[in-house]
file final24.cif (mmCIF, C-alpha atoms)
data_data
#
loop_
_atom_site.group_PDB
_atom_site.id
_atom_site.type_symbol
_atom_site.label_atom_id
_atom_site.label_comp_id
_atom_site.auth_asym_id
_atom_site.auth_seq_id
_atom_site.Cartn_x
_atom_site.Cartn_y
_atom_site.Cartn_z
ATOM 1 C CA MET A 21 0.000 0.000 0.000
ATOM 2 C CA SER A 22 1.428 3.377 -1.001
ATOM 3 C CA GLN A 23 2.411 5.935 1.616
ATOM 4 C CA PRO A 24 1.102 9.520 1.534
ATOM 5 C CA ASP A 25 2.964 11.350 -1.222
ATOM 6 C CA LEU A 26 2.545 15.117 -1.324
ATOM 7 C CA SER A 27 4.364 15.206 -4.662
ATOM 8 C CA SER A 28 1.372 13.378 -6.214
ATOM 9 C CA LEU A 29 -0.920 16.172 -5.070
ATOM 10 C CA ALA A 30 1.531 18.806 -6.263
ATOM 11 C CA ARG A 31 1.583 17.097 -9.666
ATOM 12 C CA LEU A 32 -2.228 17.122 -9.848
ATOM 13 C CA LEU A 33 -2.306 20.828 -8.980
ATOM 14 C CA ALA A 34 0.319 21.526 -11.660
ATOM 15 C CA ILE A 35 -1.667 19.543 -14.247
ATOM 16 C CA MET A 36 -4.805 21.554 -13.497
ATOM 17 C CA ALA A 37 -2.854 24.814 -13.694
ATOM 18 C CA LYS A 38 -1.547 23.780 -17.123
ATOM 19 C CA LEU A 39 -5.031 22.793 -18.331
ATOM 20 C CA ARG A 40 -6.310 26.245 -17.301
ATOM 21 C CA ASP A 41 -3.331 28.140 -18.741
ATOM 22 C CA PRO A 42 -4.561 30.537 -21.469
ATOM 23 C CA ASP A 43 -1.218 29.972 -23.214
ATOM 24 C CA GLY A 44 -1.404 26.359 -24.397
ATOM 25 C CA GLY A 45 -4.060 25.024 -22.041
ATOM 26 C CA CYS A 46 -7.119 22.953 -22.906
ATOM 27 C CA PRO A 47 -9.921 24.927 -24.643
ATOM 28 C CA TRP A 48 -12.622 22.897 -22.877
ATOM 29 C CA ASP A 49 -11.110 23.349 -19.411
ATOM 30 C CA LEU A 50 -10.547 27.041 -20.047
ATOM 31 C CA GLU A 51 -14.184 27.757 -20.804
ATOM 32 C CA GLN A 52 -15.505 26.065 -17.636
ATOM 33 C CA THR A 53 -16.990 27.961 -14.686
ATOM 34 C CA PHE A 54 -18.100 27.009 -11.185
ATOM 35 C CA SER A 55 -21.639 26.548 -12.516
ATOM 36 C CA THR A 56 -20.668 24.309 -15.428
ATOM 37 C CA ILE A 57 -18.402 22.111 -13.298
ATOM 38 C CA ALA A 58 -20.832 21.763 -10.360
ATOM 39 C CA PRO A 59 -22.968 19.035 -12.022
ATOM 40 C CA TYR A 60 -19.819 16.955 -12.619
ATOM 41 C CA THR A 61 -18.869 17.365 -8.957
ATOM 42 C CA ILE A 62 -22.240 16.033 -7.843
ATOM 43 C CA GLU A 63 -22.065 13.175 -10.349
ATOM 44 C CA GLU A 64 -18.605 12.139 -9.152
ATOM 45 C CA ALA A 65 -19.803 12.069 -5.532
ATOM 46 C CA TYR A 66 -22.581 9.685 -6.530
ATOM 47 C CA GLU A 67 -20.115 7.507 -8.443
ATOM 48 C CA VAL A 68 -18.026 7.249 -5.263
ATOM 49 C CA ASP A 69 -21.154 6.138 -3.424
ATOM 50 C CA ASP A 70 -21.924 3.575 -6.133
ATOM 51 C CA ALA A 71 -18.416 2.075 -5.945
ATOM 52 C CA ILE A 72 -18.803 1.748 -2.170
ATOM 53 C CA ALA A 73 -22.221 0.104 -2.570
ATOM 54 C CA ARG A 74 -20.683 -2.420 -4.985
ATOM 55 C CA ASN A 75 -17.664 -2.925 -2.676
ATOM 56 C CA ASP A 76 -15.443 -2.323 -5.714
ATOM 57 C CA MET A 77 -12.201 -0.996 -4.272
ATOM 58 C CA ALA A 78 -10.508 -0.561 -7.656
ATOM 59 C CA ALA A 79 -13.435 1.557 -8.846
ATOM 60 C CA LEU A 80 -13.465 3.444 -5.524
ATOM 61 C CA LYS A 81 -9.822 4.434 -5.988
ATOM 62 C CA ASP A 82 -10.593 5.790 -9.452
ATOM 63 C CA GLU A 83 -13.779 7.558 -8.387
ATOM 64 C CA LEU A 84 -12.094 9.205 -5.400
ATOM 65 C CA GLY A 85 -9.475 10.500 -7.816
ATOM 66 C CA ASP A 86 -12.214 11.901 -10.056
ATOM 67 C CA LEU A 87 -13.822 13.571 -7.034
ATOM 68 C CA LEU A 88 -10.485 15.024 -5.933
ATOM 69 C CA LEU A 89 -10.057 16.443 -9.423
ATOM 70 C CA GLN A 90 -13.331 18.318 -8.972
ATOM 71 C CA VAL A 91 -12.042 19.940 -5.775
ATOM 72 C CA VAL A 92 -8.794 20.891 -7.513
ATOM 73 C CA PHE A 93 -10.719 22.301 -10.492
ATOM 74 C CA HIS A 94 -12.929 24.535 -8.326
ATOM 75 C CA ALA A 95 -9.969 25.669 -6.244
ATOM 76 C CA ARG A 96 -7.978 26.556 -9.366
ATOM 77 C CA MET A 97 -10.800 28.685 -10.760
ATOM 78 C CA ALA A 98 -11.175 30.418 -7.386
ATOM 79 C CA GLU A 99 -7.435 31.106 -7.275
ATOM 80 C CA GLU A 100 -7.502 32.592 -10.768
ATOM 81 C CA ALA A 101 -10.313 34.916 -9.646
ATOM 82 C CA GLY A 102 -8.353 35.957 -6.560
ATOM 83 C CA HIS A 103 -10.691 34.365 -4.006
ATOM 84 C CA PHE A 104 -8.727 31.442 -2.506
ATOM 85 C CA GLY A 105 -6.522 28.536 -3.527
ATOM 86 C CA PHE A 106 -6.306 24.817 -2.833
ATOM 87 C CA GLY A 107 -4.065 25.474 0.173
ATOM 88 C CA ASP A 108 -6.775 27.654 1.696
ATOM 89 C CA VAL A 109 -9.343 24.891 1.152
ATOM 90 C CA ALA A 110 -7.097 22.326 2.862
ATOM 91 C CA ALA A 111 -6.317 24.717 5.721
ATOM 92 C CA ALA A 112 -9.998 25.532 6.274
ATOM 93 C CA ILE A 113 -11.076 21.891 6.494
ATOM 94 C CA SER A 114 -8.110 21.066 8.738
ATOM 95 C CA ASP A 115 -9.092 23.886 11.100
ATOM 96 C CA LYS A 116 -12.699 22.701 11.070
ATOM 97 C CA MET A 117 -11.752 19.103 11.886
ATOM 98 C CA VAL A 118 -9.604 20.204 14.813
ATOM 99 C CA ARG A 119 -12.352 22.546 16.045
ATOM 100 C CA ARG A 120 -15.041 19.874 15.786
ATOM 101 C CA HIS A 121 -12.970 17.182 17.529
ATOM 102 C CA PRO A 122 -12.082 18.778 20.868
ATOM 103 C CA HIS A 123 -12.102 15.294 22.426
ATOM 104 C CA VAL A 124 -9.123 14.416 20.212
ATOM 105 C CA PHE A 125 -7.275 17.723 19.858
ATOM 106 C CA GLY A 126 -8.388 19.355 23.108
ATOM 107 C CA THR A 127 -9.470 18.502 26.635
ATOM 108 C CA VAL A 128 -13.160 17.648 26.114
ATOM 109 C CA VAL A 129 -14.118 14.101 27.116
ATOM 110 C CA ALA A 130 -16.238 12.062 24.668
ATOM 111 C CA ASP A 131 -15.693 8.339 25.072
ATOM 112 C CA HIS A 132 -18.636 7.012 23.012
ATOM 113 C CA PRO A 133 -20.129 7.852 19.580
ATOM 114 C CA GLU A 134 -23.259 9.502 21.000
ATOM 115 C CA ALA A 135 -21.160 11.969 22.988
ATOM 116 C CA VAL A 136 -19.094 12.736 19.905
ATOM 117 C CA SER A 137 -22.258 13.388 17.878
ATOM 118 C CA GLY A 138 -23.628 15.652 20.599
ATOM 119 C CA ASN A 139 -20.433 17.710 20.698
ATOM 120 C CA TRP A 140 -20.346 17.869 16.890
ATOM 121 C CA GLU A 141 -23.908 19.199 16.657
ATOM 122 C CA ALA A 142 -23.321 21.745 19.429
ATOM 123 C CA ILE A 143 -20.220 23.056 17.677
ATOM 124 C CA LYS A 144 -22.028 23.218 14.333
ATOM 125 C CA ALA A 145 -24.899 25.110 15.981
ATOM 126 C CA ALA A 146 -22.422 27.652 17.382
ATOM 127 C CA GLU A 147 -20.848 28.016 13.929
ATOM 128 C CA ARG A 148 -24.264 28.634 12.357
ATOM 129 C CA ALA A 149 -25.121 31.216 15.009
ATOM 130 C CA ALA A 150 -21.905 33.091 14.202
ATOM 131 C CA ARG A 151 -22.746 33.325 10.487
ATOM 132 C CA PRO A 152 -24.952 36.108 9.072
ATOM 133 C CA ALA A 153 -28.646 35.220 9.143
ATOM 134 C CA GLU A 154 -30.239 33.919 5.950
ATOM 135 C CA ALA A 155 -32.923 36.291 4.752
ATOM 136 C CA GLY A 156 -36.400 34.811 5.093
ATOM 137 C CA VAL A 157 -35.183 31.598 6.766
ATOM 138 C CA SER A 158 -35.755 30.642 10.395
ATOM 139 C CA GLU A 159 -32.543 30.352 12.384
ATOM 140 C CA VAL A 160 -33.617 26.789 13.183
ATOM 141 C CA LEU A 161 -33.612 25.831 9.486
ATOM 142 C CA ALA A 162 -30.761 28.046 8.302
ATOM 143 C CA GLY A 163 -27.782 26.440 6.598
ATOM 144 C CA VAL A 164 -29.524 23.383 5.153
ATOM 145 C CA THR A 165 -28.051 23.481 1.665
ATOM 146 C CA ALA A 166 -30.574 23.959 -1.123
ATOM 147 C CA GLY A 167 -28.372 21.968 -3.486
ATOM 148 C CA LEU A 168 -28.836 18.702 -1.599
ATOM 149 C CA PRO A 169 -30.940 15.956 -3.174
ATOM 150 C CA ALA A 170 -34.536 16.808 -2.265
ATOM 151 C CA LEU A 171 -35.149 13.751 -0.058
ATOM 152 C CA SER A 172 -31.904 14.316 1.860
ATOM 153 C CA ARG A 173 -32.723 17.988 2.338
ATOM 154 C CA ALA A 174 -36.216 17.087 3.577
ATOM 155 C CA VAL A 175 -34.704 14.836 6.250
ATOM 156 C CA LYS A 176 -32.251 17.528 7.333
ATOM 157 C CA LEU A 177 -35.003 20.153 7.564
ATOM 158 C CA GLN A 178 -37.135 17.746 9.605
ATOM 159 C CA ASN A 179 -34.211 16.949 11.909
ATOM 160 C CA ARG A 180 -33.700 20.661 12.535
ATOM 161 C CA ALA A 181 -37.395 21.123 13.334
ATOM 162 C CA ALA A 182 -37.323 18.096 15.637
ATOM 163 C CA ARG A 183 -34.600 19.705 17.757
ATOM 164 C CA VAL A 184 -37.094 22.329 18.927
ATOM 165 C CA GLY A 185 -39.840 19.736 19.468
ATOM 166 C CA PHE A 186 -41.690 20.065 16.154
ATOM 167 C CA ASP A 187 -41.968 16.350 15.415
ATOM 168 C CA TRP A 188 -44.275 13.364 15.683
ATOM 169 C CA PRO A 189 -43.595 11.246 18.784
ATOM 170 C CA ASP A 190 -43.224 7.967 16.867
ATOM 171 C CA LYS A 191 -43.801 6.191 13.534
ATOM 172 C CA LEU A 192 -47.557 5.577 13.779
ATOM 173 C CA PRO A 193 -48.668 9.227 13.357
ATOM 174 C CA VAL A 194 -46.310 9.473 10.381
ATOM 175 C CA LEU A 195 -47.985 6.462 8.791
ATOM 176 C CA ALA A 196 -51.387 8.075 9.379
ATOM 177 C CA LYS A 197 -50.143 11.264 7.716
ATOM 178 C CA ILE A 198 -48.883 9.251 4.744
ATOM 179 C CA ARG A 199 -52.360 7.775 4.282
ATOM 180 C CA GLU A 200 -53.866 11.265 4.537
ATOM 181 C CA GLU A 201 -51.468 12.713 1.951
ATOM 182 C CA LEU A 202 -52.019 9.759 -0.384
ATOM 183 C CA GLN A 203 -55.781 10.320 -0.233
ATOM 184 C CA GLU A 204 -55.327 14.022 -0.993
ATOM 185 C CA LEU A 205 -53.118 13.120 -3.954
ATOM 186 C CA GLU A 206 -55.720 10.663 -5.232
ATOM 187 C CA ASP A 207 -58.461 13.295 -4.884
ATOM 188 C CA GLU A 208 -56.518 15.775 -7.050
ATOM 189 C CA ILE A 209 -55.727 13.113 -9.654
ATOM 190 C CA VAL A 210 -59.419 12.203 -9.881
ATOM 191 C CA ALA A 211 -60.302 15.907 -10.094
ATOM 192 C CA GLY A 212 -57.872 16.288 -12.979
ATOM 193 C CA ASP A 213 -55.985 19.192 -11.367
ATOM 194 C CA ALA A 214 -52.387 18.622 -12.490
ATOM 195 C CA GLU A 215 -50.885 21.530 -10.522
ATOM 196 C CA ALA A 216 -52.630 20.532 -7.290
ATOM 197 C CA ALA A 217 -51.572 16.914 -7.876
ATOM 198 C CA ARG A 218 -47.961 18.051 -8.245
ATOM 199 C CA GLU A 219 -48.167 19.893 -4.926
ATOM 200 C CA GLU A 220 -49.788 16.938 -3.160
ATOM 201 C CA PHE A 221 -47.207 14.575 -4.614
ATOM 202 C CA GLY A 222 -44.483 16.773 -3.101
ATOM 203 C CA ASP A 223 -46.253 16.676 0.276
ATOM 204 C CA PHE A 224 -46.468 12.884 -0.013
ATOM 205 C CA LEU A 225 -42.721 12.562 -0.679
ATOM 206 C CA PHE A 226 -41.949 14.929 2.198
ATOM 207 C CA VAL A 227 -43.842 12.717 4.651
ATOM 208 C CA ILE A 228 -42.209 9.602 3.178
ATOM 209 C CA ALA A 229 -38.851 11.234 3.965
ATOM 210 C CA ASN A 230 -40.079 11.820 7.520
ATOM 211 C CA LEU A 231 -40.953 8.144 7.879
ATOM 212 C CA ALA A 232 -37.423 7.280 6.719
ATOM 213 C CA ARG A 233 -36.064 9.578 9.433
ATOM 214 C CA HIS A 234 -38.190 7.866 12.102
ATOM 215 C CA LEU A 235 -36.993 4.496 10.815
ATOM 216 C CA LYS A 236 -33.401 5.809 11.056
ATOM 217 C CA LEU A 237 -32.614 5.095 7.434
ATOM 218 C CA ASP A 238 -31.373 7.202 4.535
ATOM 219 C CA PRO A 239 -34.178 7.601 1.969
ATOM 220 C CA GLU A 240 -31.676 8.296 -0.814
ATOM 221 C CA GLU A 241 -29.836 5.044 -0.107
ATOM 222 C CA ALA A 242 -33.121 3.153 0.223
ATOM 223 C CA LEU A 243 -34.209 4.454 -3.182
ATOM 224 C CA ARG A 244 -30.814 3.682 -4.731
ATOM 225 C CA ALA A 245 -31.142 0.121 -3.414
ATOM 226 C CA ALA A 246 -34.633 -0.086 -4.922
ATOM 227 C CA ASN A 247 -33.209 1.141 -8.238
ATOM 228 C CA ARG A 248 -30.551 -1.567 -8.157
ATOM 229 C CA LYS A 249 -33.204 -4.167 -7.313
ATOM 230 C CA PHE A 250 -35.337 -2.973 -10.238
ATOM 231 C CA ILE A 251 -32.369 -3.239 -12.623
ATOM 232 C CA ASN A 252 -31.538 -6.760 -11.435
ATOM 233 C CA ARG A 253 -35.146 -7.943 -11.704
ATOM 234 C CA PHE A 254 -35.627 -6.305 -15.100
ATOM 235 C CA ASN A 255 -32.458 -7.992 -16.375
ATOM 236 C CA LYS A 256 -33.683 -11.348 -15.040
ATOM 237 C CA MET A 257 -37.117 -10.792 -16.569
ATOM 238 C CA GLU A 258 -35.496 -10.094 -19.930
ATOM 239 C CA GLU A 259 -33.370 -13.246 -19.614
ATOM 240 C CA ILE A 260 -36.476 -15.326 -18.910
ATOM 241 C CA ILE A 261 -38.326 -13.892 -21.907
ATOM 242 C CA LYS A 262 -35.335 -14.366 -24.212
ATOM 243 C CA SER A 263 -34.955 -17.953 -23.002
ATOM 244 C CA GLU A 264 -38.441 -18.501 -24.439
ATOM 245 C CA GLY A 265 -37.265 -17.246 -27.826
ATOM 246 C CA LYS A 266 -38.940 -13.829 -27.574
ATOM 247 C CA GLU A 267 -37.877 -10.174 -27.355
ATOM 248 C CA LEU A 268 -39.297 -7.629 -24.901
ATOM 249 C CA SER A 269 -40.703 -5.608 -27.784
ATOM 250 C CA GLU A 270 -42.693 -8.670 -28.854
ATOM 251 C CA THR A 271 -44.041 -9.436 -25.367
ATOM 252 C CA ASP A 272 -47.274 -8.144 -23.850
ATOM 253 C CA LEU A 273 -47.570 -6.796 -20.311
ATOM 254 C CA ASN A 274 -49.185 -9.944 -18.903
ATOM 255 C CA ALA A 275 -46.261 -12.086 -20.069
ATOM 256 C CA MET A 276 -43.769 -9.565 -18.694
ATOM 257 C CA ASP A 277 -45.572 -9.548 -15.334
ATOM 258 C CA LYS A 278 -45.367 -13.338 -15.243
ATOM 259 C CA ALA A 279 -41.623 -13.266 -15.966
ATOM 260 C CA TRP A 280 -41.197 -10.478 -13.384
ATOM 261 C CA ASP A 281 -42.852 -12.624 -10.702
ATOM 262 C CA GLN A 282 -40.593 -15.511 -11.687
ATOM 263 C CA ALA A 283 -37.562 -13.238 -11.313
ATOM 264 C CA LYS A 284 -38.739 -12.229 -7.819
ATOM 265 C CA ARG A 285 -39.202 -15.862 -6.800
ATOM 266 C CA SER A 286 -35.682 -16.686 -7.960
ATOM 267 C CA GLU A 287 -34.340 -14.000 -5.597
ATOM 268 C CA ARG A 288 -36.105 -15.568 -2.625
ATOM 269 C CA ARG A 289 -34.572 -18.945 -3.416
ATOM 270 C CA ARG A 290 -31.040 -17.593 -3.039
ATOM 271 C CA PRO A 291 -29.194 -18.726 0.096
#

call {"tool": "encode", "arguments": {"input": "final24.cif", "output": "structure tokens"}}
result
Amino acid sequence: MSQPDLSSLARLLAIMAKLRDPDGGCPWDLEQTFSTIAPYTIEEAYEVDDAIARNDMAALKDELGDLLLQVVFHARMAEEAGHFGFGDVAAAISDKMVRRHPHVFGTVVADHPEAVSGNWEAIKAAERAARPAEAGVSEVLAGVTAGLPALSRAVKLQNRAARVGFDWPDKLPVLAKIREELQELEDEIVAGDAEAAREEFGDFLFVIANLARHLKLDPEEALRAANRKFINRFNKMEEIIKSEGKELSETDLNAMDKAWDQAKRSERRRP
């Protein structure tokens, strides 16, 4: 296993500087901005998550490199604009880690994970209080990034509200609210009001996210797992249909449903 090598990081920084050099750099890299690169940054973070979910360490190494490149790219553009450089980014996160781990770098005692989490949240709350207030946003909800995936942001907003007691006491009232929201969605669908149905569908998803929070699970990860399950079952369904000498395009829904059920049963037979 390789040891930490700062020269590798220095090389990456030099490569990015060359790519962004107006004299001989890459035309594509030169025309990029924070806004155009941001979607790639988000995509690379998800690819890291996917490699972890597949327990593919070779892919994880590559994807972490791609994610690091995104950080270097943003830092280079910021340096060119006179805002900050990669060194400032590294220094800021180092300071934050020291500040948020007083039980390691200071004298605070925290000998179990719950105590660590409590200290972490208290320190974050103090940091938020020291920042300028967000216009039109309650101090309780301030700082929950709008760029998060919607389900993740819903959970974070609900967690913030729960800290001041605005929360259901357990799962059962959440389930009742889900049934209520589903009925309201059905009513708008039957009424043919597309805009109202869109709003009710959002309310329904928001309460689903709350149920995930009460179940102590990540709704994004749960949905990603469901996506993977769907892909696996669809692939198996297609295999079953092709084994019968047919193509999906030649198969009606009833036959596909039958093959789908067969694919599900094959999963349950696995050890």

call {"tool": "resolve_selection", "arguments": {"input": "final24.cif", "expression": "the PyMOL selection byres ((chain A and resi 191) around 12)", "output": "ChimeraX atom specification"}}
result
/A:187-190,192-198,227-236

call {"tool": "residues_around", "arguments": {"input": "final24.cif", "residues": "stretch 94-96 of chain A", "least_positions_apart": "2", "cutoff": "12 Å", "atoms": "all atoms listed in the file", "output": "PyMOL selection string"}}
result
chain A and resi 32-41+49-50+52-58+60-61+87-92+98-110

call {"tool": "residues_around", "arguments": {"input": "final24.cif", "residues": "A:Asp82", "least_positions_apart": "4", "cutoff": "10 Å", "atoms": "all atoms listed in the file", "output": "list in words"}}
result
Glu67, Val68, Ala71, Met77, Ala78, Asp86, Leu87 and Leu88 of chain A

call {"tool": "atom_distance", "arguments": {"input": "final24.cif", "atom1": "atom CA of A:Asp69", "atom2": "atom CA of A:Leu225"}}
result
22.7 Å

call {"tool": "residues_around", "arguments": {"input": "final24.cif", "residues": "stretch 215-223 of chain A", "least_positions_apart": "5", "cutoff": "9 Å", "atoms": "all atoms listed in the file", "output": "JSON, numbers by chain"}}
result
{"A": [201, 202, 204, 205, 206, 207, 208, 209, 228]}

call {"tool": "closest_residue", "arguments": {"input": "final24.cif", "among": "A:Arg173, A:Val184, A:Lys116, A:Arg199", "to": "A:Glu147", "atoms": "all atoms listed in the file"}}
result
A:Lys116
